[in-house]
Amino acid sequence: MKVTRRGIIAGIVVGLLFVVLLAVPLFASHVNLAVSIWTDVLSFAIAAMAVNLLIGYTGVLPFGNAAFFGLGAYGAGLTIQYWHVGFFGSIALGVVASIAGGLLIGPFLLRRRGIYFALLMIAFGQIFFFIADRFTDITGGEDGMTFTRPAIEWSKTVISDTHLYLGMLLLFAVVALVFWMLVRSPFGRSLVAIKENETRARYLGMNTDRFIFVALLISAAIEGLAGACYTLSIMNADPSRLDFHESGNIVMMTILGGSGTILGPFIGSLIFVIAQDVLSSALPWWQIPFGAVFVICVLFFPKGILGTILDVFEKRRGGFGYEARDTLHGTVISEREIQP
Amino acid sequence: MSEVLFSGENIVKHFGGVRAVEDVSLSVNAGSIQAIIGPNGAGKSTLFNALSGFYKCDSGNVTFKGIDITSAPIHQRIAMGMGRTFQTSSVFPNLTVWDNLLIGLQSAANLAFRFRPVGSAQRKTMEEKIERLIDFVNLKASAHRPVAELAHGSQRLCEIAMSLSTDPVLVMLDEPMAGLAHAETERVVEVIRKLHSELGLTVLFVEHNMRVVLSLAQRIMVLDRGKVLAEGTPVEISANEAVRDAYIGKEVVEHV
């Protein structure tokens, strides 16, 4: 693989970002944002990354994606409550619950594309929402359930908020790296091809249903992981985690930050979660200006914050930057040097 | 007589009350180059889509290499050696010509589902093949530009190269000249001729441009209102009274 100058710049930017995030526990109290808020940022960043795999790289619209987030959260919460599972066990079972959800609804979703896929997925998500909402005896109904963070299986210690944050940061870095490798793999290319033109992908011999199904399961697993970690951070699971409002929020983070880019969803989640925390205490109607910002963003910067920034960089270099752009976007399709 | 590579028997396709294709049979011999013509709304594209698996036939059978593929999914047809293009070029518009071909090649090499990077030996083979395909359709100058930025003719050539990337034996072209400027037509005609003469592929195409059809095709089938009006060599078709009346203008025929 050829190392380009822009690849190095991108590496430095990502490295700096990581150092800043590593230092969050040191300055969190000074900026009046608890460490747990930053854990939320990372949880939703991972969830938005999962959504981005479908929106930005496969071209399907997962408008009911919170089903996976919530299944991860309830999978962890219920197993802690009833089976007294430990810290890592509950996360693993949350992911299993989410993948099971994907296996259950995937075959139905695959029969439709476009807006019908999106609507069908919302409908399935709402089924999970109502199950959590109505089975009060088991799930705590509308109020959800509250539990204490379980101890780590082998050391019997309960992780503090700060350590949980650092663990989340590590997890986020690993997920981002795996995601980057995934979208650069032949499989990732195939997904981009499906997004670009599914009919053509079929006529190149791809069984596109199979690809979309696997992408959906990967997305479900990642989002379930995010949901399980989130629930362990706030020590509560309630039906709103499964609701389509939550789906909408996560889709919004993805698009605001830049779908089809590796770190765009993180930027979206950073802005969204922090704005929510800061504004909701200052302005009870904070969602109105925030909605307006989102509308402006979608109308004028459809590629999102990171996508727009990358485009500007490319224009200044006068084109022929496909390879470099793709390095940053993550969709390096071919690794050839481009001769102007 | 060479053997039949591809055939459709009694193909029927209706859309609601519209009888788009009504009991049409055709057979394509291995190594031949054959055209389907007909006035607008004759059912050419519908027939083509039914034969290539884009639509489900209401009744009838499609046979390829002696195997019944009537209900085979598209990816199986491609694996058996079918390739096709569309009336409006069906490509990956935001990807470069190079990447468009790479996606076809990785699919043909059964690498499309791979999560790890492709090994260097295999990548080299693929890169060589991409270069050969780009040379074949003469798109070297635009190899690293997104297809959406190219002229229609170049997009069409890219699409033809893509349909070749899966190593087909039968190439189906749906109105390859649709929407092309005159100069571009010549380039595409040359490439189609080479498909047959250089690569020895079997070609079945739908076309409106009579000059192109008469100069390329060995056999022609004329459709009118969903039915076969006539079938034969270009000379026979140009001489056919019914075809003249239904479709071909006299001036064109006199050109041959």
# chains A, B, ... in the order shown; residues from 1 in each chain; ligands from 1
call {"tool": "residues_around", "arguments": {"residues": "stretch 24-38 of chain B", "least_positions_apart": "5", "cutoff": "6 Å", "atoms": "only C-alpha atoms", "output": "PyMOL selection string"}}
result
chain B and resi 3-11+201-207+217-224
call {"tool": "interface_residues", "arguments": {"of": "chain A", "to": "chain B", "cutoff": "7 Å", "atoms": "only C-alpha atoms", "output": "CSV table (one decimal) with all heavy atoms, in the first residue's frame"}}
result
chain,number,residue,atom,x,y,z
A,182,LEU,N,-13.0,-3.1,7.2
A,182,LEU,CA,-14.2,-3.7,6.5
A,182,LEU,C,-14.6,-3.0,5.2
A,182,LEU,O,-14.8,-3.6,4.2
A,182,LEU,CB,-15.4,-3.7,7.5
A,182,LEU,CG,-16.7,-4.3,7.0
A,182,LEU,CD1,-16.6,-5.8,6.8
A,182,LEU,CD2,-17.9,-3.9,7.9
A,185,SER,N,-12.3,-3.7,2.4
A,185,SER,CA,-12.1,-5.1,1.9
A,185,SER,C,-13.0,-5.2,0.7
A,185,SER,O,-13.8,-4.4,0.3
A,185,SER,CB,-12.7,-6.0,3.0
A,185,SER,OG,-14.1,-5.9,3.1
A,186,PRO,N,-12.7,-6.4,0.0
A,186,PRO,CA,-13.6,-6.6,-1.2
A,186,PRO,C,-15.1,-6.6,-0.8
A,186,PRO,O,-15.9,-6.1,-1.6
A,186,PRO,CB,-13.1,-8.0,-1.6
A,186,PRO,CG,-11.7,-8.1,-1.2
A,186,PRO,CD,-11.6,-7.3,0.1
A,187,PHE,N,-15.4,-7.1,0.3
A,187,PHE,CA,-16.8,-7.1,0.8
A,187,PHE,C,-17.3,-5.7,0.8
A,187,PHE,O,-18.4,-5.4,0.4
A,187,PHE,CB,-16.9,-7.8,2.1
A,187,PHE,CG,-18.4,-7.8,2.7
A,187,PHE,CD1,-19.3,-8.7,2.2
A,187,PHE,CD2,-18.7,-6.9,3.7
A,187,PHE,CE1,-20.6,-8.7,2.6
A,187,PHE,CE2,-20.0,-6.9,4.2
A,187,PHE,CZ,-21.0,-7.8,3.7
A,190,SER,N,-18.0,-4.3,-2.5
A,190,SER,CA,-19.3,-4.9,-3.0
A,190,SER,C,-20.5,-4.1,-2.5
A,190,SER,O,-21.4,-3.8,-3.2
A,190,SER,CB,-19.4,-6.4,-2.6
A,190,SER,OG,-18.3,-7.1,-3.1
A,193,ALA,N,-20.8,-0.9,-4.3
A,193,ALA,CA,-21.3,-1.2,-5.6
A,193,ALA,C,-22.9,-1.3,-5.5
A,193,ALA,O,-23.6,-0.8,-6.4
A,193,ALA,CB,-20.7,-2.5,-6.2
A,196,GLU,N,-24.3,2.1,-5.2
A,196,GLU,CA,-24.3,2.8,-6.4
A,196,GLU,C,-25.3,2.4,-7.4
A,196,GLU,O,-25.9,3.2,-8.1
A,196,GLU,CB,-22.9,2.6,-7.0
A,196,GLU,CG,-21.8,3.4,-6.4
A,196,GLU,CD,-21.8,4.8,-6.9
A,196,GLU,OE1,-21.6,5.0,-8.1
A,196,GLU,OE2,-21.9,5.7,-6.0
A,197,ASN,N,-25.5,1.0,-7.5
A,197,ASN,CA,-26.4,0.5,-8.6
A,197,ASN,C,-26.6,-0.9,-8.3
A,197,ASN,O,-25.9,-1.8,-8.8
A,197,ASN,CB,-25.8,0.8,-9.9
A,197,ASN,CG,-26.7,0.4,-11.1
A,197,ASN,OD1,-27.6,-0.3,-10.9
A,197,ASN,ND2,-26.3,0.8,-12.3
A,200,ARG,N,-26.9,-3.3,-11.4
A,200,ARG,CA,-25.6,-3.6,-12.1
A,200,ARG,C,-24.9,-4.7,-11.2
A,200,ARG,O,-24.3,-5.6,-11.7
A,200,ARG,CB,-24.8,-2.4,-12.3
A,200,ARG,CG,-23.5,-2.5,-12.9
A,200,ARG,CD,-23.4,-3.6,-14.0
A,200,ARG,NE,-23.9,-3.2,-15.3
A,200,ARG,CZ,-24.1,-4.0,-16.3
A,200,ARG,NH1,-23.9,-5.3,-16.1
A,200,ARG,NH2,-24.6,-3.6,-17.4
A,202,ARG,N,-26.1,-7.0,-9.4
A,202,ARG,CA,-26.7,-8.3,-9.7
A,202,ARG,C,-26.2,-8.8,-11.0
A,202,ARG,O,-25.9,-10.0,-11.1
A,202,ARG,CB,-28.2,-8.2,-9.8
A,202,ARG,CG,-29.0,-8.1,-8.5
A,202,ARG,CD,-30.4,-8.0,-8.8
A,202,ARG,NE,-31.2,-7.6,-7.6
A,202,ARG,CZ,-31.6,-8.5,-6.7
A,202,ARG,NH1,-31.4,-9.8,-6.9
A,202,ARG,NH2,-32.3,-8.1,-5.7
A,203,TYR,N,-26.1,-7.9,-12.0
A,203,TYR,CA,-25.7,-8.3,-13.3
A,203,TYR,C,-24.2,-8.5,-13.4
A,203,TYR,O,-23.6,-8.7,-14.5
A,203,TYR,CB,-26.2,-7.4,-14.5
A,203,TYR,CG,-27.6,-7.9,-14.9
A,203,TYR,CD1,-28.8,-7.3,-14.4
A,203,TYR,CD2,-27.8,-9.0,-15.7
A,203,TYR,CE1,-30.0,-7.7,-14.7
A,203,TYR,CE2,-29.0,-9.4,-16.0
A,203,TYR,CZ,-30.2,-8.8,-15.5
A,203,TYR,OH,-31.4,-9.3,-15.9
A,204,LEU,N,-23.5,-8.3,-12.3
A,204,LEU,CA,-22.1,-8.7,-12.2
A,204,LEU,C,-22.0,-10.0,-11.4
A,204,LEU,O,-20.9,-10.4,-11.0
A,204,LEU,CB,-21.2,-7.6,-11.6
A,204,LEU,CG,-21.0,-6.4,-12.5
A,204,LEU,CD1,-20.2,-5.3,-11.8
A,204,LEU,CD2,-20.4,-6.7,-13.8
A,205,GLY,N,-23.1,-10.6,-11.1
A,205,GLY,CA,-23.1,-11.9,-10.5
A,205,GLY,C,-23.2,-11.9,-9.0
A,205,GLY,O,-22.9,-12.9,-8.4
A,206,MET,N,-23.5,-10.7,-8.4
A,206,MET,CA,-23.6,-10.7,-6.9
A,206,MET,C,-25.0,-11.0,-6.5
A,206,MET,O,-26.0,-10.5,-7.0
A,206,MET,CB,-23.3,-9.3,-6.4
A,206,MET,CG,-21.8,-9.0,-6.5
A,206,MET,SD,-21.6,-7.4,-5.7
A,206,MET,CE,-20.6,-6.6,-6.8
A,207,ASN,N,-25.1,-11.9,-5.5
A,207,ASN,CA,-26.4,-12.2,-4.9
A,207,ASN,C,-26.6,-11.1,-3.8
A,207,ASN,O,-26.3,-11.2,-2.7
A,207,ASN,CB,-26.4,-13.6,-4.2
A,207,ASN,CG,-27.7,-13.9,-3.6
A,207,ASN,OD1,-28.7,-13.1,-3.6
A,207,ASN,ND2,-27.8,-15.1,-3.1
A,333,ILE,N,-11.0,2.0,-3.3
A,333,ILE,CA,-11.4,0.9,-4.1
A,333,ILE,C,-10.2,0.2,-4.8
A,333,ILE,O,-10.0,-1.0,-4.7
A,333,ILE,CB,-12.4,1.4,-5.2
A,333,ILE,CG1,-13.6,2.0,-4.4
A,333,ILE,CG2,-12.9,0.3,-6.1
A,333,ILE,CD1,-14.7,1.1,-4.0
A,334,SER,N,-9.4,1.0,-5.4
A,334,SER,CA,-8.2,0.4,-5.9
A,334,SER,C,-7.0,1.2,-5.3
A,334,SER,O,-7.2,2.4,-5.1
A,334,SER,CB,-8.2,0.4,-7.4
A,334,SER,OG,-8.2,1.8,-7.8
call {"tool": "atom_distance", "arguments": {"atom1": "atom CA of B:Ala121", "atom2": "atom CA of B:Ala109"}}
result
13.0 Å
call {"tool": "residues_around", "arguments": {"residues": "stretch 181-189 of chain B", "least_positions_apart": "2", "cutoff": "12 Å", "atoms": "only C-alpha atoms", "output": "tab-separated table (two decimals) with N, CA, C and O atoms, in the first residue's frame"}}
result
chain	number	residue	atom	x	y	z
B	136	PHE	N	-9.38	-2.83	-24.58
B	136	PHE	CA	-10.34	-3.39	-25.53
B	136	PHE	C	-11.40	-2.36	-25.92
B	136	PHE	O	-11.77	-2.24	-27.08
B	137	VAL	N	-11.88	-1.60	-24.94
B	137	VAL	CA	-12.92	-0.61	-25.25
B	137	VAL	C	-12.33	0.79	-25.44
B	137	VAL	O	-13.07	1.75	-25.61
B	138	ASN	N	-10.99	0.88	-25.38
B	138	ASN	CA	-10.34	2.15	-25.68
B	138	ASN	C	-10.68	3.27	-24.71
B	138	ASN	O	-11.02	4.38	-25.12
B	139	LEU	N	-10.61	2.99	-23.43
B	139	LEU	CA	-10.94	4.03	-22.45
B	139	LEU	C	-9.74	4.38	-21.58
B	139	LEU	O	-9.89	4.89	-20.47
B	151	ALA	N	-18.54	11.04	-21.33
B	151	ALA	CA	-19.59	11.18	-22.34
B	151	ALA	C	-20.41	9.90	-22.40
B	151	ALA	O	-19.94	8.84	-21.97
B	152	HIS	N	-21.63	9.99	-22.96
B	152	HIS	CA	-22.51	8.82	-23.01
B	152	HIS	C	-21.85	7.63	-23.69
B	152	HIS	O	-21.97	6.50	-23.23
B	153	GLY	N	-21.15	7.92	-24.79
B	153	GLY	CA	-20.52	6.83	-25.53
B	153	GLY	C	-19.49	6.09	-24.69
B	153	GLY	O	-19.43	4.86	-24.70
B	154	SER	N	-18.72	6.86	-23.92
B	154	SER	CA	-17.71	6.24	-23.07
B	154	SER	C	-18.35	5.46	-21.93
B	154	SER	O	-17.86	4.41	-21.53
B	155	GLN	N	-19.46	6.00	-21.41
B	155	GLN	CA	-20.19	5.27	-20.37
B	155	GLN	C	-20.67	3.94	-20.90
B	155	GLN	O	-20.60	2.91	-20.23
B	156	ARG	N	-21.17	3.97	-22.15
B	156	ARG	CA	-21.67	2.74	-22.75
B	156	ARG	C	-20.53	1.74	-22.94
B	156	ARG	O	-20.67	0.55	-22.65
B	157	LEU	N	-19.37	2.24	-23.36
B	157	LEU	CA	-18.22	1.35	-23.54
B	157	LEU	C	-17.77	0.78	-22.20
B	157	LEU	O	-17.39	-0.39	-22.11
B	158	CYS	N	-17.81	1.61	-21.16
B	158	CYS	CA	-17.47	1.12	-19.83
B	158	CYS	C	-18.43	0.02	-19.43
B	158	CYS	O	-18.03	-1.02	-18.89
B	159	GLU	N	-19.71	0.21	-19.74
B	159	GLU	CA	-20.70	-0.80	-19.37
B	159	GLU	C	-20.45	-2.11	-20.12
B	159	GLU	O	-20.56	-3.20	-19.55
B	160	ILE	N	-20.08	-1.98	-21.39
B	160	ILE	CA	-19.78	-3.20	-22.16
B	160	ILE	C	-18.57	-3.91	-21.54
B	160	ILE	O	-18.58	-5.13	-21.35
B	161	ALA	N	-17.55	-3.13	-21.18
B	161	ALA	CA	-16.37	-3.73	-20.55
B	161	ALA	C	-16.75	-4.41	-19.23
B	161	ALA	O	-16.25	-5.49	-18.91
B	173	LEU	N	-27.04	-6.98	-25.45
B	173	LEU	CA	-26.94	-5.52	-25.43
B	173	LEU	C	-28.30	-4.92	-25.74
B	173	LEU	O	-28.87	-5.17	-26.80
B	175	GLU	N	-30.26	-1.97	-26.85
B	175	GLU	CA	-30.11	-0.70	-27.57
B	175	GLU	C	-28.78	-0.02	-27.27
B	175	GLU	O	-28.74	1.06	-26.68
B	176	PRO	N	-27.69	-0.62	-27.69
B	176	PRO	CA	-26.37	-0.06	-27.38
B	176	PRO	C	-26.15	1.34	-27.96
B	176	PRO	O	-25.29	2.07	-27.47
B	177	MET	N	-26.92	1.74	-28.98
B	177	MET	CA	-26.69	3.06	-29.58
B	177	MET	C	-27.64	4.12	-29.03
B	177	MET	O	-27.58	5.27	-29.45
B	178	ALA	N	-28.55	3.72	-28.11
B	178	ALA	CA	-29.54	4.67	-27.63
B	178	ALA	C	-28.87	5.89	-27.02
B	178	ALA	O	-27.98	5.77	-26.16
B	179	GLY	N	-29.27	7.06	-27.47
B	179	GLY	CA	-28.79	8.32	-26.88
B	179	GLY	C	-27.36	8.70	-27.25
B	179	GLY	O	-26.79	9.59	-26.64
B	191	VAL	N	-16.55	-1.78	-31.28
B	191	VAL	CA	-16.35	-2.65	-30.12
B	191	VAL	C	-17.27	-3.87	-30.19
B	191	VAL	O	-16.85	-5.00	-29.92
B	192	ILE	N	-18.51	-3.65	-30.62
B	192	ILE	CA	-19.44	-4.79	-30.72
B	192	ILE	C	-18.94	-5.77	-31.78
B	192	ILE	O	-18.96	-6.98	-31.59
B	193	ARG	N	-18.44	-5.22	-32.88
B	193	ARG	CA	-17.90	-6.09	-33.93
B	193	ARG	C	-16.75	-6.94	-33.37
B	193	ARG	O	-16.65	-8.13	-33.63
B	194	LYS	N	-15.90	-6.28	-32.54
B	194	LYS	CA	-14.76	-7.01	-31.97
B	194	LYS	C	-15.20	-8.08	-30.96
B	194	LYS	O	-14.54	-9.10	-30.83
B	195	LEU	N	-16.31	-7.81	-30.26
B	195	LEU	CA	-16.83	-8.82	-29.33
B	195	LEU	C	-17.00	-10.14	-30.06
B	195	LEU	O	-16.69	-11.20	-29.56
B	196	HIS	N	-17.54	-10.01	-31.28
B	196	HIS	CA	-17.85	-11.19	-32.06
B	196	HIS	C	-16.61	-11.72	-32.77
B	196	HIS	O	-16.27	-12.88	-32.66
B	205	PHE	N	-28.51	-8.54	-29.60
B	205	PHE	CA	-28.76	-7.14	-29.27
B	205	PHE	C	-30.08	-6.62	-29.83
B	205	PHE	O	-30.59	-7.10	-30.83
B	207	GLU	N	-31.85	-3.18	-31.22
B	207	GLU	CA	-31.37	-1.90	-31.72
B	207	GLU	C	-32.42	-1.22	-32.60
B	207	GLU	O	-33.21	-1.86	-33.27
B	209	ASN	N	-31.31	1.59	-34.55
B	209	ASN	CA	-30.56	2.15	-35.66
B	209	ASN	C	-30.37	1.09	-36.74
B	209	ASN	O	-29.57	0.16	-36.61
B	211	ARG	N	-29.08	1.05	-39.74
B	211	ARG	CA	-27.78	0.93	-40.38
B	211	ARG	C	-26.87	0.03	-39.54
B	211	ARG	O	-26.20	-0.85	-40.06
B	212	VAL	N	-26.92	0.25	-38.23
B	212	VAL	CA	-26.11	-0.55	-37.33
B	212	VAL	C	-26.53	-2.02	-37.39
B	212	VAL	O	-25.70	-2.92	-37.51
B	213	VAL	N	-27.83	-2.24	-37.34
B	213	VAL	CA	-28.34	-3.61	-37.33
B	213	VAL	C	-27.93	-4.34	-38.60
B	213	VAL	O	-27.41	-5.45	-38.56
B	214	LEU	N	-28.15	-3.67	-39.75
B	214	LEU	CA	-27.87	-4.35	-41.01
B	214	LEU	C	-26.39	-4.60	-41.21
B	214	LEU	O	-25.99	-5.54	-41.87
B	215	SER	N	-25.54	-3.75	-40.60
B	215	SER	CA	-24.11	-3.95	-40.80
B	215	SER	C	-23.53	-4.97	-39.81
B	215	SER	O	-22.53	-5.60	-40.08
B	216	LEU	N	-24.16	-5.14	-38.65
B	216	LEU	CA	-23.59	-6.04	-37.65
B	216	LEU	C	-24.19	-7.44	-37.65
B	216	LEU	O	-23.48	-8.43	-37.52
B	217	ALA	N	-25.52	-7.50	-37.75
B	217	ALA	CA	-26.19	-8.76	-37.43
B	217	ALA	C	-26.08	-9.79	-38.53
B	217	ALA	O	-26.09	-9.47	-39.72
call {"tool": "select_by_dssp", "arguments": {"residues": "stretch 3-75 of chain B", "states": "alpha helix (DSSP H)", "output": "PyMOL selection string"}}
result
chain B and resi 44-52+74-75
call {"tool": "closest_residue", "arguments": {"among": "A:Ala73, A:Leu299, A:Leu109, A:Val273", "to": "A:Met253", "atoms": "only C-alpha atoms"}}
result
A:Val273
